[in-house]
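**Student:** Below is the file run11.cif, with mmCIF, C-alpha atoms.
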data_coords
#
loop_
_atom_site.label_atom_id
_atom_site.label_comp_id
_atom_site.auth_asym_id
_atom_site.auth_seq_id
_atom_site.Cartn_x
_atom_site.Cartn_y
_atom_site.Cartn_z
CA MET M 29 16.56 17.06 -21.62
CA LEU M 30 17.62 20.56 -22.69
CA ALA M 31 15.97 19.93 -26.04
CA ALA M 32 12.82 19.02 -24.18
CA LEU M 33 12.96 22.29 -22.26
CA GLU M 34 13.61 24.16 -25.51
CA ASP M 35 10.72 22.64 -27.45
CA GLY M 36 8.71 21.31 -24.53
CA TRP M 37 6.27 24.22 -24.74
CA ALA M 38 5.23 23.05 -28.20
CA ASP M 39 2.20 20.85 -28.67
CA PRO M 40 3.33 17.51 -30.15
CA ALA M 41 -0.01 17.23 -31.96
CA LYS M 42 0.60 20.37 -34.06
CA LEU M 43 2.54 20.70 -37.31
CA TYR M 44 4.97 23.63 -36.95
CA SER M 45 8.69 22.80 -36.61
CA GLN M 46 8.94 23.09 -32.83
CA ALA M 47 5.84 20.95 -32.47
CA ARG M 48 7.31 18.31 -34.78
CA ARG M 49 10.48 18.28 -32.68
CA ALA M 50 8.32 17.94 -29.59
CA ARG M 51 6.58 14.99 -31.25
CA GLN M 52 9.93 13.36 -31.97
CA LEU M 53 11.00 13.79 -28.34
CA LEU M 54 7.72 12.35 -27.11
CA ASP M 55 7.98 9.40 -29.49
CA ALA M 56 11.56 8.73 -28.40
CA ALA M 57 10.53 8.87 -24.73
CA ARG M 58 7.65 6.50 -25.40
CA ALA M 59 9.87 4.06 -27.26
CA ALA M 60 12.46 4.10 -24.46
CA ALA M 61 9.85 3.55 -21.72
CA ALA M 62 8.23 0.79 -23.76
CA GLU M 63 11.57 -0.94 -24.16
CA VAL M 64 12.15 -0.89 -20.38
CA LEU M 65 8.68 -2.33 -19.77
CA ARG M 66 9.02 -4.77 -22.70
CA VAL M 67 5.79 -3.58 -24.35
CA ARG M 68 4.97 -2.00 -27.73
CA PRO M 69 5.25 1.82 -27.84
CA ASP M 70 1.67 2.16 -29.04
CA GLU M 71 0.51 0.29 -25.93
CA LEU M 72 2.04 2.91 -23.61
CA SER M 73 0.58 6.31 -22.69
CA PHE M 74 1.89 9.02 -20.39
CA THR M 75 -0.53 10.35 -17.78
CA PRO M 76 -0.39 13.40 -15.47
CA SER M 77 0.43 11.15 -12.45
CA GLY M 78 0.56 7.57 -11.25
CA THR M 79 -2.77 8.19 -9.54
CA ALA M 80 -4.36 9.33 -12.83
CA ALA M 81 -2.94 6.20 -14.50
CA ALA M 82 -4.46 3.97 -11.80
CA HIS M 83 -7.85 5.70 -12.12
CA ALA M 84 -7.77 5.33 -15.91
CA ALA M 85 -6.70 1.69 -15.67
CA VAL M 86 -9.59 0.75 -13.37
CA LEU M 87 -12.37 2.87 -14.86
CA GLY M 88 -11.27 2.29 -18.48
CA GLY M 89 -10.88 -1.45 -17.92
CA LEU M 90 -14.38 -1.62 -16.44
CA ALA M 91 -15.90 0.56 -19.18
CA GLY M 92 -14.37 -1.57 -21.94
CA ARG M 93 -15.87 -4.73 -20.49
CA ARG M 94 -19.27 -3.46 -19.40
CA ARG M 95 -20.98 -6.03 -21.64
CA ALA M 96 -19.16 -8.83 -19.80
CA GLY M 97 -20.28 -7.60 -16.39
CA SER M 98 -19.93 -4.92 -13.76
CA THR M 99 -17.86 -6.56 -11.02
CA LEU M 100 -14.35 -5.39 -10.16
CA VAL M 101 -12.29 -7.98 -8.28
CA HIS M 102 -9.38 -6.47 -6.30
CA SER M 103 -7.08 -7.44 -3.47
CA ALA M 104 -7.80 -6.02 -0.02
CA ILE M 105 -4.42 -4.26 -0.06
CA GLU M 106 -4.67 -2.13 -3.21
CA HIS M 107 -3.39 1.44 -3.18
CA SER M 108 -6.01 4.05 -2.27
CA ALA M 109 -5.89 5.34 -5.88
CA VAL M 110 -7.31 1.99 -7.03
CA LEU M 111 -9.77 1.76 -4.14
CA HIS M 112 -11.05 5.28 -4.78
CA ALA M 113 -11.63 4.42 -8.46
CA ALA M 114 -13.41 1.25 -7.25
CA GLN M 115 -15.57 3.42 -4.99
CA ARG M 116 -16.52 5.55 -7.99
CA HIS M 117 -17.52 2.35 -9.81
CA VAL M 118 -19.73 1.31 -6.89
CA THR M 119 -21.33 4.76 -6.74
CA ALA M 120 -22.17 4.36 -10.43
CA GLY M 121 -23.99 1.10 -9.69
CA GLY M 122 -21.14 -1.41 -10.09
CA THR M 123 -20.00 -4.01 -7.59
CA THR M 124 -16.63 -5.01 -6.17
CA THR M 125 -15.21 -8.16 -4.62
CA SER M 126 -12.32 -7.65 -2.21
CA VAL M 127 -10.00 -10.66 -1.97
CA PRO M 128 -8.26 -11.18 1.39
CA VAL M 129 -4.54 -11.55 2.14
CA ASP M 130 -2.78 -13.68 4.73
CA ARG M 131 -0.93 -12.35 7.80
CA ALA M 132 2.19 -11.73 5.68
CA GLY M 133 0.14 -9.59 3.31
CA ARG M 134 0.10 -12.06 0.43
CA LEU M 135 -2.98 -12.53 -1.77
CA ASP M 136 -5.18 -15.56 -1.03
CA LEU M 137 -4.87 -17.24 -4.44
CA ASP M 138 -7.73 -19.71 -3.90
CA ALA M 139 -10.11 -16.89 -3.00
CA TRP M 140 -8.78 -14.85 -5.94
CA SER M 141 -9.30 -17.71 -8.42
CA ALA M 142 -12.85 -18.23 -7.18
CA ALA M 143 -13.59 -14.48 -7.30
CA VAL M 144 -12.39 -13.94 -10.89
CA ALA M 145 -14.21 -17.09 -12.09
CA ALA M 146 -17.56 -15.82 -10.78
CA PRO M 147 -20.07 -14.62 -13.38
CA GLY M 148 -20.12 -10.93 -14.33
CA VAL M 149 -16.49 -10.02 -13.58
CA ALA M 150 -15.30 -7.20 -15.86
CA LEU M 151 -11.80 -6.58 -14.47
CA ALA M 152 -9.40 -7.78 -11.78
CA ALA M 153 -6.90 -5.44 -10.07
CA LEU M 154 -3.79 -6.52 -8.19
CA ILE M 155 -0.95 -4.44 -6.77
CA SER M 156 2.45 -5.86 -7.78
CA ALA M 157 3.84 -5.51 -4.25
CA SER M 158 2.33 -4.01 -1.11
CA HIS M 159 3.22 -0.34 -0.88
CA GLU M 160 2.87 -0.50 2.90
CA VAL M 161 4.56 -3.73 3.94
CA GLY M 162 6.60 -4.67 0.86
CA THR M 163 5.20 -8.17 0.29
CA LEU M 164 5.51 -9.22 -3.37
CA GLN M 165 2.20 -10.46 -4.76
CA PRO M 166 1.81 -13.68 -6.77
CA VAL M 167 1.14 -11.76 -9.99
CA ALA M 168 1.98 -14.62 -12.39
CA GLU M 169 -0.34 -17.07 -10.59
CA ALA M 170 -3.09 -14.45 -10.29
CA ALA M 171 -2.71 -13.72 -14.02
CA ARG M 172 -3.11 -17.42 -14.85
CA ALA M 173 -6.36 -17.54 -12.86
CA CYS M 174 -7.58 -14.45 -14.74
CA ASP M 175 -6.58 -15.95 -18.07
CA ALA M 176 -8.47 -19.15 -17.29
CA ALA M 177 -11.55 -17.08 -16.42
CA GLY M 178 -11.19 -14.78 -19.45
CA VAL M 179 -10.88 -11.71 -17.22
CA PRO M 180 -8.28 -9.00 -17.95
CA LEU M 181 -5.81 -8.28 -15.15
CA TYR M 182 -4.74 -4.76 -14.22
CA VAL M 183 -1.47 -4.59 -12.26
CA ASP M 184 -0.63 -1.46 -10.26
CA ALA M 185 3.15 -1.70 -10.60
CA ALA M 186 4.04 1.66 -9.03
CA GLN M 187 6.08 -0.10 -6.34
CA SER M 188 7.98 -2.36 -8.73
CA VAL M 189 8.80 -0.51 -11.96
CA GLY M 190 12.42 0.65 -11.84
CA ARG M 191 13.17 -1.66 -8.89
CA VAL M 192 12.13 -5.25 -9.50
CA PRO M 193 10.84 -7.10 -12.58
CA VAL M 194 7.06 -7.22 -13.04
CA PRO M 195 5.81 -10.73 -13.91
CA GLU M 196 4.06 -11.22 -17.26
CA GLY M 197 0.42 -12.06 -17.90
CA TRP M 198 -1.30 -8.72 -17.23
CA SER M 199 -3.47 -6.75 -19.66
CA VAL M 200 -3.25 -3.27 -18.13
CA LEU M 201 -0.43 -1.76 -16.04
CA SER M 202 0.20 1.55 -14.32
CA ALA M 203 3.33 3.09 -12.82
CA SER M 204 4.43 6.38 -11.30
CA ALA M 205 7.59 8.34 -12.15
CA HIS M 206 8.19 9.80 -8.71
CA LYS M 207 8.29 6.25 -7.31
CA TRP M 208 11.30 5.36 -9.49
CA GLY M 209 13.08 8.61 -8.74
CA GLY M 210 11.67 10.68 -11.60
CA PRO M 211 9.80 13.97 -11.30
CA PRO M 212 6.25 14.18 -9.93
CA GLY M 213 3.48 14.70 -12.45
CA VAL M 214 4.21 11.77 -14.76
CA GLY M 215 2.52 8.38 -14.76
CA ILE M 216 2.48 5.51 -17.23
CA LEU M 217 -0.55 3.57 -18.43
CA VAL M 218 0.00 0.46 -20.54
CA VAL M 219 -2.93 -1.24 -22.29
CA ARG M 220 -1.87 -4.43 -24.10
CA LYS M 221 -3.07 -5.05 -27.63
CA GLY M 222 -6.40 -6.85 -27.74
CA THR M 223 -7.48 -5.62 -24.30
CA ARG M 224 -10.97 -4.17 -24.13
CA TRP M 225 -10.32 -0.78 -22.59
CA GLU M 226 -12.37 2.36 -23.13
CA SER M 227 -11.33 5.83 -22.03
CA PRO M 228 -13.35 6.94 -19.01
CA TYR M 229 -12.76 10.59 -19.99
CA PRO M 230 -14.58 12.89 -22.41
CA ALA M 231 -13.24 12.40 -25.95
CA ASP M 232 -9.69 13.65 -26.65
CA ASP M 233 -7.27 12.21 -29.18
CA ARG M 234 -4.07 12.70 -27.14
CA GLU M 235 -2.03 9.67 -26.15
CA ALA M 236 -3.92 7.35 -28.53
CA GLY M 237 -7.19 8.60 -27.07
CA ARG M 238 -6.33 7.24 -23.63
CA VAL M 239 -5.29 10.41 -21.77
CA PRO M 240 -6.73 13.89 -22.36
CA GLY M 241 -4.64 17.05 -22.50
CA VAL M 242 -1.25 18.17 -23.81
CA PRO M 243 1.47 15.98 -22.28
CA ASN M 244 4.11 17.57 -20.00
CA LEU M 245 7.03 16.85 -22.32
CA PRO M 246 10.01 18.09 -20.22
CA ALA M 247 8.77 16.08 -17.23
CA ILE M 248 8.14 13.01 -19.42
CA VAL M 249 11.66 13.13 -20.90
CA ALA M 250 13.14 13.48 -17.39
CA ALA M 251 10.92 10.67 -16.10
CA VAL M 252 12.03 8.27 -18.83
CA ALA M 253 15.71 9.16 -18.32
CA ALA M 254 15.22 8.41 -14.61
CA LEU M 255 13.43 5.15 -15.45
CA ARG M 256 16.31 3.97 -17.63
CA ALA M 257 18.83 4.90 -14.94
CA ALA M 258 16.82 3.26 -12.14
CA THR M 259 16.28 0.09 -14.16
CA ALA M 260 19.97 -0.12 -15.11
CA GLU M 261 21.04 0.01 -11.47
CA ALA M 262 18.00 -1.81 -10.00
CA GLU M 263 19.79 -5.10 -9.46
CA ALA M 264 22.81 -3.47 -7.79
CA GLU M 265 20.54 -1.25 -5.66
CA ALA M 266 18.47 -4.26 -4.58
CA ALA M 267 21.66 -6.11 -3.64
CA ARG M 268 22.78 -3.10 -1.58
CA LEU M 269 19.43 -2.31 0.11
CA ALA M 270 18.09 -5.83 0.81
CA PRO M 271 20.76 -6.57 3.46
CA LEU M 272 20.00 -3.20 5.13
CA VAL M 273 16.29 -4.05 5.21
CA GLU M 274 17.15 -7.51 6.56
CA ARG M 275 19.30 -5.90 9.25
CA ILE M 276 16.41 -3.65 10.34
CA ARG M 277 14.05 -6.65 10.34
CA THR M 278 16.46 -8.61 12.55
CA VAL M 279 17.82 -5.95 14.89
CA VAL M 280 14.63 -4.01 15.71
CA PRO M 281 12.77 -6.95 17.34
CA ALA M 282 15.98 -7.93 19.15
CA THR M 283 16.60 -4.49 20.65
CA VAL M 284 13.07 -3.11 21.09
CA PRO M 285 10.65 -5.19 23.18
CA ASP M 286 7.14 -5.97 21.86
CA VAL M 287 7.68 -5.13 18.22
CA GLU M 288 5.91 -6.83 15.36
CA VAL M 289 7.83 -6.71 12.06
CA VAL M 290 5.25 -7.15 9.32
CA GLY M 291 5.28 -8.34 5.71
CA ASP M 292 6.79 -11.43 4.10
CA PRO M 293 10.38 -11.96 5.31
CA VAL M 294 11.63 -13.24 1.92
CA ASP M 295 9.30 -12.41 -0.97
CA ARG M 296 9.50 -8.68 -0.56
CA LEU M 297 10.55 -5.41 -2.11
CA PRO M 298 14.26 -4.79 -1.45
CA HIS M 299 13.85 -1.28 -0.03
CA LEU M 300 10.80 -1.29 2.24
CA VAL M 301 10.44 -2.38 5.87
CA THR M 302 7.51 -1.96 8.26
CA PHE M 303 7.05 -2.68 11.96
CA SER M 304 4.64 -1.83 14.80
CA CYS M 305 5.57 -1.03 18.42
CA LEU M 306 3.03 -2.19 20.99
CA TYR M 307 1.47 0.53 23.24
CA VAL M 308 3.17 3.34 21.31
CA ASP M 309 1.35 6.21 19.61
CA GLY M 310 2.35 6.15 15.94
CA GLU M 311 2.19 9.91 15.52
CA ALA M 312 4.38 10.52 18.60
CA LEU M 313 6.90 7.97 17.34
CA LEU M 314 6.92 9.50 13.86
CA HIS M 315 7.55 12.99 15.27
CA ALA M 316 10.26 11.74 17.63
CA LEU M 317 12.04 10.10 14.68
CA ASP M 318 11.56 13.22 12.57
CA ARG M 319 13.27 15.31 15.28
CA ARG M 320 16.29 12.98 14.98
CA GLY M 321 16.32 13.46 11.20
CA PHE M 322 14.55 10.28 10.12
CA ALA M 323 11.80 10.83 7.51
CA VAL M 324 9.52 7.80 7.83
CA SER M 325 5.85 7.00 7.21
CA SER M 326 3.19 5.35 9.33
CA GLY M 327 0.02 3.33 8.76
CA SER M 328 -1.34 4.17 12.21
CA SER M 329 -4.78 5.76 12.37
CA CYS M 330 -3.50 8.78 14.30
CA THR M 331 -1.29 9.69 11.33
CA SER M 332 -4.04 9.39 8.70
CA SER M 333 -6.40 12.14 7.60
CA THR M 334 -9.34 9.77 8.02
CA LEU M 335 -8.34 8.69 11.54
CA ARG M 336 -8.70 5.10 10.38
CA PRO M 337 -5.90 2.57 10.52
CA SER M 338 -4.26 1.49 7.28
CA HIS M 339 -6.55 -0.85 5.34
CA VAL M 340 -3.47 -2.94 4.53
CA LEU M 341 -2.54 -3.56 8.18
CA GLU M 342 -6.24 -4.18 8.88
CA ALA M 343 -6.48 -6.78 6.08
CA MET M 344 -3.37 -8.53 7.44
CA GLY M 345 -4.69 -8.49 11.00
CA VAL M 346 -1.51 -6.99 12.41
CA LEU M 347 -1.01 -4.29 15.02
CA SER M 348 -1.82 -0.89 13.51
CA HIS M 349 -0.71 1.47 16.25
CA GLY M 350 2.93 2.45 16.75
CA ASN M 351 3.46 1.67 13.07
CA ILE M 352 6.54 2.81 11.17
CA ARG M 353 7.38 2.28 7.51
CA ILE M 354 10.93 2.86 6.31
CA SER M 355 11.56 3.31 2.62
CA LEU M 356 15.25 3.18 1.68
CA HIS M 357 16.38 4.93 -1.48
CA ARG M 358 19.52 5.42 -3.54
CA ASP M 359 20.95 7.99 -1.11
CA SER M 360 20.26 5.87 2.01
CA THR M 361 23.51 4.70 3.57
CA GLU M 362 24.47 1.89 5.92
CA ALA M 363 25.63 4.54 8.42
CA GLU M 364 22.13 6.08 8.47
CA VAL M 365 20.55 2.68 9.04
CA GLU M 366 23.00 1.99 11.90
CA ARG M 367 22.22 5.37 13.49
CA PHE M 368 18.50 4.57 13.22
CA LEU M 369 19.03 1.17 14.86
CA ALA M 370 21.10 2.76 17.62
CA GLU M 371 18.55 5.49 18.40
CA LEU M 372 15.23 3.63 18.02
CA PRO M 373 15.34 1.59 21.28
CA GLY M 374 15.82 4.74 23.40
CA ILE M 375 13.09 6.64 21.54
CA VAL M 376 10.53 3.83 21.98
CA ALA M 377 11.54 3.29 25.62
CA ALA M 378 11.08 7.01 26.37
CA LEU M 379 7.62 7.07 24.76
CA ARG M 380 6.59 3.96 26.69
CA ALA M 381 7.90 5.39 29.96
CA GLU M 382 5.95 8.59 29.30
CA ALA M 383 2.75 6.57 28.69
CA GLY M 384 3.40 4.42 31.79
CA VAL M 385 3.21 1.14 29.90
CA VAL M 386 6.60 -0.37 30.76
CA GLY M 387 6.22 -4.00 31.88
CA LEU M 388 2.63 -4.35 30.63
CA MET X 10 -26.84 -3.77 29.48
CA ARG X 11 -28.14 -5.11 26.19
CA THR X 12 -25.93 -7.26 24.06
CA GLU X 13 -26.67 -8.47 20.55
CA SER X 14 -24.46 -11.51 20.92
CA VAL X 15 -25.24 -14.51 23.05
CA GLY X 16 -22.46 -15.51 25.40
CA THR X 17 -21.22 -15.57 28.96
CA PRO X 18 -21.45 -12.21 30.67
CA PRO X 19 -18.02 -10.69 31.30
CA ASP X 20 -16.44 -10.58 34.76
CA GLU X 21 -15.47 -6.98 34.29
CA VAL X 22 -16.04 -4.16 31.81
CA VAL X 23 -13.61 -1.42 30.88
CA ASP X 24 -15.07 1.58 29.09
CA CYS X 25 -12.70 3.04 26.49
CA LEU X 26 -15.35 4.80 24.43
CA GLY X 27 -13.97 7.97 22.91
CA GLN X 28 -10.37 6.88 23.46
CA ARG X 29 -7.93 6.64 20.59
CA CYS X 30 -5.52 3.75 20.01
CA PRO X 31 -3.26 2.71 21.64
CA LEU X 32 -5.20 3.75 24.79
CA PRO X 33 -7.89 1.00 24.63
CA VAL X 34 -5.20 -1.66 24.18
CA ILE X 35 -3.22 -0.24 27.12
CA ALA X 36 -6.37 -0.20 29.28
CA ALA X 37 -7.16 -3.80 28.30
CA ALA X 38 -3.61 -4.92 29.13
CA ARG X 39 -3.69 -3.16 32.57
CA ARG X 40 -7.08 -4.54 33.59
CA LEU X 41 -6.60 -8.09 32.35
CA VAL X 42 -3.52 -8.73 34.49
CA ALA X 43 -5.53 -7.66 37.53
CA LEU X 44 -8.10 -10.42 36.88
CA PRO X 45 -7.65 -14.12 37.69
CA VAL X 46 -6.77 -16.59 34.94
CA GLY X 47 -9.99 -17.68 33.21
CA ALA X 48 -11.80 -14.39 33.81
CA VAL X 49 -13.33 -12.47 30.89
CA LEU X 50 -12.77 -8.75 30.40
CA ARG X 51 -15.05 -6.76 28.12
CA VAL X 52 -13.45 -3.75 26.43
CA LEU X 53 -15.82 -1.14 25.03
CA ALA X 54 -13.92 0.76 22.32
CA ASP X 55 -15.28 2.73 19.38
CA ASP X 56 -11.96 3.74 17.81
CA PRO X 57 -11.91 1.88 14.46
CA ALA X 58 -8.26 0.95 15.11
CA ALA X 59 -9.33 -1.09 18.16
CA ALA X 60 -11.02 -3.59 15.81
CA VAL X 61 -7.55 -4.36 14.44
CA ASP X 62 -5.39 -3.80 17.51
CA ILE X 63 -7.31 -5.65 20.21
CA PRO X 64 -7.34 -8.96 18.26
CA ALA X 65 -3.66 -8.37 17.32
CA TRP X 66 -2.77 -7.73 20.98
CA CYS X 67 -4.54 -10.97 22.04
CA ARG X 68 -2.55 -12.91 19.43
CA MET X 69 0.77 -11.31 20.42
CA ARG X 70 0.13 -11.86 24.15
CA GLY X 71 -1.41 -15.33 23.82
CA GLN X 72 -4.73 -14.22 25.36
CA GLU X 73 -8.06 -15.37 23.97
CA LEU X 74 -10.46 -13.08 22.13
CA VAL X 75 -13.72 -14.82 23.05
CA ALA X 76 -16.14 -12.62 21.12
CA THR X 77 -16.64 -9.29 19.46
CA SER X 78 -20.14 -7.86 19.61
CA THR X 79 -22.13 -4.67 19.71
CA VAL X 80 -23.26 -3.44 23.10
CA ASP X 81 -25.61 -0.42 23.18
CA GLY X 82 -24.42 0.46 19.70
CA SER X 83 -20.71 0.34 20.50
CA PRO X 84 -18.15 -2.32 19.61
CA ALA X 85 -17.27 -4.63 22.51
CA TYR X 86 -14.37 -7.07 22.73
CA ASP X 87 -14.44 -9.94 25.24
CA ILE X 88 -10.99 -11.17 26.23
CA ARG X 89 -10.35 -14.23 28.41
CA ARG X 90 -7.19 -14.25 30.50
CA VAL X 91 -5.49 -17.51 29.46
CA HIS X 92 -2.26 -17.19 31.47
#
Kindly transcribe the structure held in the file into structure tokens.
**Tutor:**
Amino acid sequence: MLAALEDGWADPAKLYSQARRARQLLDAARAAAAEVLRVRPDELSFTPSGTAAAHAAVLGGLAGRRRAGSTLVHSAIEHSAVLHAAQRHVTAGGTTTSVPVDRAGRLDLDAWSAAVAAPGVALAALISASHEVGTLQPVAEAARACDAAGVPLYVDAAQSVGRVPVPEGWSVLSASAHKWGGPPGVGILVVRKGTRWESPYPADDREAGRVPGVPNLPAIVAAVAALRAATAEAEAEAARLAPLVERIRTVVPATVPDVEVVGDPVDRLPHLVTFSCLYVDGEALLHALDRRGFAVSSGSSCTSSTLRPSHVLEAMGVLSHGNIRISLHRDSTEAEVERFLAELPGIVAALRAEAGVVGL
Amino acid sequence: MRTESVGTPPDEVVDCLGQRCPLPVIAAARRLVALPVGAVLRVLADDPAAAVDIPAWCRMRGQELVATSTVDGSPAYDIRRVH
């Protein structure tokens, strides 16, 4: 890490001594990240963010297969980074097929299989687990359907890498360092050997021609150190956090009336839990929790810049207002969860009393 | 009133145009309990969240969403009081 700060200013593509040391550090980081992800080092590139990796995965995957067709198949619950890249593809004359999910937020595999088998599909994109409700997606089954149809599968694994294993069978993968506890400004793009992928950027020979610009070496070294640490303790962390998530899923509907806990109860990320409180304004609830020291997110429309409800909650057909998403991390304690559970009923009751909706 | 969907006219209409969720859902809940069982309430709501939340509310409360349509250019949700 200190070595990376020392030589991190140097351009790994140049030939002077500091640059060669920078190259060695970059190569070592790449090899370590590749080992964690069980891929070849030359298949892995570092990007300036997880978002940039997702954009490159989608647009590069489509560009590399333009002779096969111009349709992008994706689940209805992809991250906005993927959907925005898909929108760019549509603007450029391409088409997309959005595959629905069930009420638990799990991909409809029959619809997926039919969609990827249709003529003219260039690429299929599936998130490894819902970033909003935590439901794990049937990646292995979806990959088999893609394989049968001869369509490469891109998996957005930002939610899973460093936490839970990512099933095999994909051709392109992206991940984001700040999601596994690393610094912001580092993403990972993996393109498996034999995959038709073409850089969507103007020509640049960095990162095997996949990502333009000089890589941020100190941040990359820190990100890979964090990835190794997160992966090493992932199983123990999951075993610690899953019961806390289960406790929230059980206690909240028992102590707060008219709450819908969303997402699959079993096949889920170990650290994420989401619920919606009927008749409650999501923004008011978020601020009330913030005042008590709870930093949570919301998929309610009133908390979004677009004033639209979360497309994930919409696709699932579950209540979008009064929505709260809790993401537990390595510093989250059982005591904090208990304090949250103790305070939430009073907070929701007060907001409902204020709105005059008690007993409705 | 012009409706683009064919169906039974509602027994009552509640206008929530311009209101943000959860207000249209709250208004629907208040008005429906004031109607007899079997009656149909039409909720006019143009907040995009209502398209998600009104059907979700019907499911959670066991009421029937009879139809969604467009009335004078605005989304309309017809709910039958089942119980």
**Student:** Starting from the PyMOL selection byres ((chain M and resi 236-238) around 10), expand the selection into actual residues of this file and give them as a list of chain:residue names.
**Tutor:**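 That expression, the PyMOL selection byres ((chain M and resi 236-238) around 10), corresponds here to M:Asp70, M:Glu71, M:Leu72, M:Ser73, M:Phe74, M:Thr75, M:Ala81, M:Ala84, M:Ala85, M:Gly88, M:Leu217, M:Val218, M:Val219, M:Trp225, M:Glu226, M:Ser227, M:Pro228, M:Tyr229, M:Pro230, M:Ala231, M:Asp232, M:Asp233, M:Arg234, M:Glu235, M:Val239, M:Pro240, M:Gly241.
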**Student:** Quick one: everything within 10 Å of Ala57 in chain M, counting all atoms listed in the file, minus sequence neighbours fewer than 3 positions away in the same chain. Send it as a list in words.
**Tutor:**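 Using all atoms listed in the file, the neighbours found are Arg51, Gln52, Leu53, Leu54, Ala60, Ala61, Ala62, Glu63, Pro69, Phe74, Leu245, Ile248, Val249, Ala250, Ala251, Val252 and Ala253 of chain M.
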**Student:** Starting from chain M, keep only residues with some atom at most 6 Å from an atom of chain X, counting all atoms listed in the file, and report them as a list in words.
**Tutor:**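 The contacting residues on chain M are Tyr307, Pro337, Glu342, Val346 and Leu347 of chain M.
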**Student:** As a ChimeraX atom specification, please: the residues near Ala48 in chain X (cut-off 7 Å, only C-alpha atoms, same-chain neighbours under 5 positions excluded).
**Tutor:** /X:20,89-90
**Student:** So which residues get picked by the PyMOL selection byres ((chain M and resi 112) around 12) here, written as number ranges by chain?
**Tutor:** M: 79-80, 82-84, 86-87, 102, 106-111, 113-119, 124
**Student:** Return the single residue from X:Pro45, X:Glu73, X:Val91, X:Pro84 that is closest to Asp24 in chain X, with distances computed using only C-alpha atoms.
**Tutor:**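 With only C-alpha atoms as the atom set, the closest residue is X:Pro84.
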**Student:** For each of X:Val75, X:Leu44, X:Leu53, X:Val80, take the minimum atom-to-atom distance to Thr17 in chain X, counting all atoms listed in the file, then give the residue where this is smallest.
**Tutor:**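 Of X:Val75, X:Leu44, X:Leu53, X:Val80, the one nearest Thr17 in chain X, counting all atoms listed in the file, is X:Val75.
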**Student:** Write out as a ChimeraX atom specification each polymer residue whose atoms come within 6 Å of range 278-292 of chain M, counting all atoms listed in the file; drop sequence neighbours fewer than 5 positions from it.
**Tutor:** /M:132-133,161,163,302-306,373
**Student:** Could the residues in this selection be saved with C-alpha atoms as a compact mmCIF listing (two decimals), keeping the file's coordinate frame?
**Tutor:**
# COMPACT_ATOMS: atom_id res chain seq x y z
CA ALA M 132 2.19 -11.73 5.68
CA GLY M 133 0.14 -9.59 3.31
CA VAL M 161 4.56 -3.73 3.94
CA THR M 163 5.20 -8.17 0.29
CA THR M 302 7.51 -1.96 8.26
CA PHE M 303 7.05 -2.68 11.96
CA SER M 304 4.64 -1.83 14.80
CA CYS M 305 5.57 -1.03 18.42
CA LEU M 306 3.03 -2.19 20.99
CA PRO M 373 15.34 1.59 21.28
**Student:** Name the closest residue to Asp87 in chain X among the candidates X:Gly47, X:Cys67, X:Pro19, X:Gln28; distances are taken between atoms, counting only C-alpha atoms.
**Tutor:**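 Once distances to Asp87 in chain X are computed over only C-alpha atoms, the minimum belongs to X:Pro19.
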**Student:** Just to confirm, what's the straight-line distance from CA of Gln46 in chain M to CA of Pro243 in chain M in Å (one decimal)?
**Tutor:**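 Taking CA of Gln46 in chain M as the start and CA of Pro243 in chain M as the end point, the length is 14.8 Å.
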**Student:** Could you list the residues chosen by the PyMOL selection byres ((chain M and resi 317-320) around 12) in this structure as a PyMOL selection string?
**Tutor:** chain M and resi 310-316+321-326+352-354+364+367-376+379
**Student:** Okay, now the selection with C-alpha atoms, as a tab-separated table (two decimals), in the coordinates of the input?
**Tutor:**
chain	number	residue	atom	x	y	z
M	310	GLY	CA	2.35	6.15	15.94
M	311	GLU	CA	2.19	9.91	15.52
M	312	ALA	CA	4.38	10.52	18.60
M	313	LEU	CA	6.90	7.97	17.34
M	314	LEU	CA	6.92	9.50	13.86
M	315	HIS	CA	7.55	12.99	15.27
M	316	ALA	CA	10.26	11.74	17.63
M	321	GLY	CA	16.32	13.46	11.20
M	322	PHE	CA	14.55	10.28	10.12
M	323	ALA	CA	11.80	10.83	7.51
M	324	VAL	CA	9.52	7.80	7.83
M	325	SER	CA	5.85	7.00	7.21
M	326	SER	CA	3.19	5.35	9.33
M	352	ILE	CA	6.54	2.81	11.17
M	353	ARG	CA	7.38	2.28	7.51
M	354	ILE	CA	10.93	2.86	6.31
M	364	GLU	CA	22.13	6.08	8.47
M	367	ARG	CA	22.22	5.37	13.49
M	368	PHE	CA	18.50	4.57	13.22
M	369	LEU	CA	19.03	1.17	14.86
M	370	ALA	CA	21.10	2.76	17.62
M	371	GLU	CA	18.55	5.49	18.40
M	372	LEU	CA	15.23	3.63	18.02
M	373	PRO	CA	15.34	1.59	21.28
M	374	GLY	CA	15.82	4.74	23.40
M	375	ILE	CA	13.09	6.64	21.54
M	376	VAL	CA	10.53	3.83	21.98
M	379	LEU	CA	7.62	7.07	24.76
**Student:** Grab the CA of Leu356 in chain M to CA of Thr334 in chain M distance for me, in Å with one decimal place.
**Tutor:**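 Rounded to one decimal, the two atoms are 26.2 Å apart.
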**Student:** Report the distance between CA of Asp136 in chain M and CA of Ala120 in chain M in Å, rounded to one decimal place.
**Tutor:**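 CA of Asp136 in chain M sits 27.8 Å away from CA of Ala120 in chain M.
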**Student:** Write out as an MDAnalysis selection string each polymer residue whose atoms come within 9 Å of Glu265 in chain M, counting only C-alpha atoms; drop sequence neighbours fewer than 2 positions from it.
**Tutor:** chainID M and resid 191 258 261:263 267:270 298:299 357:358
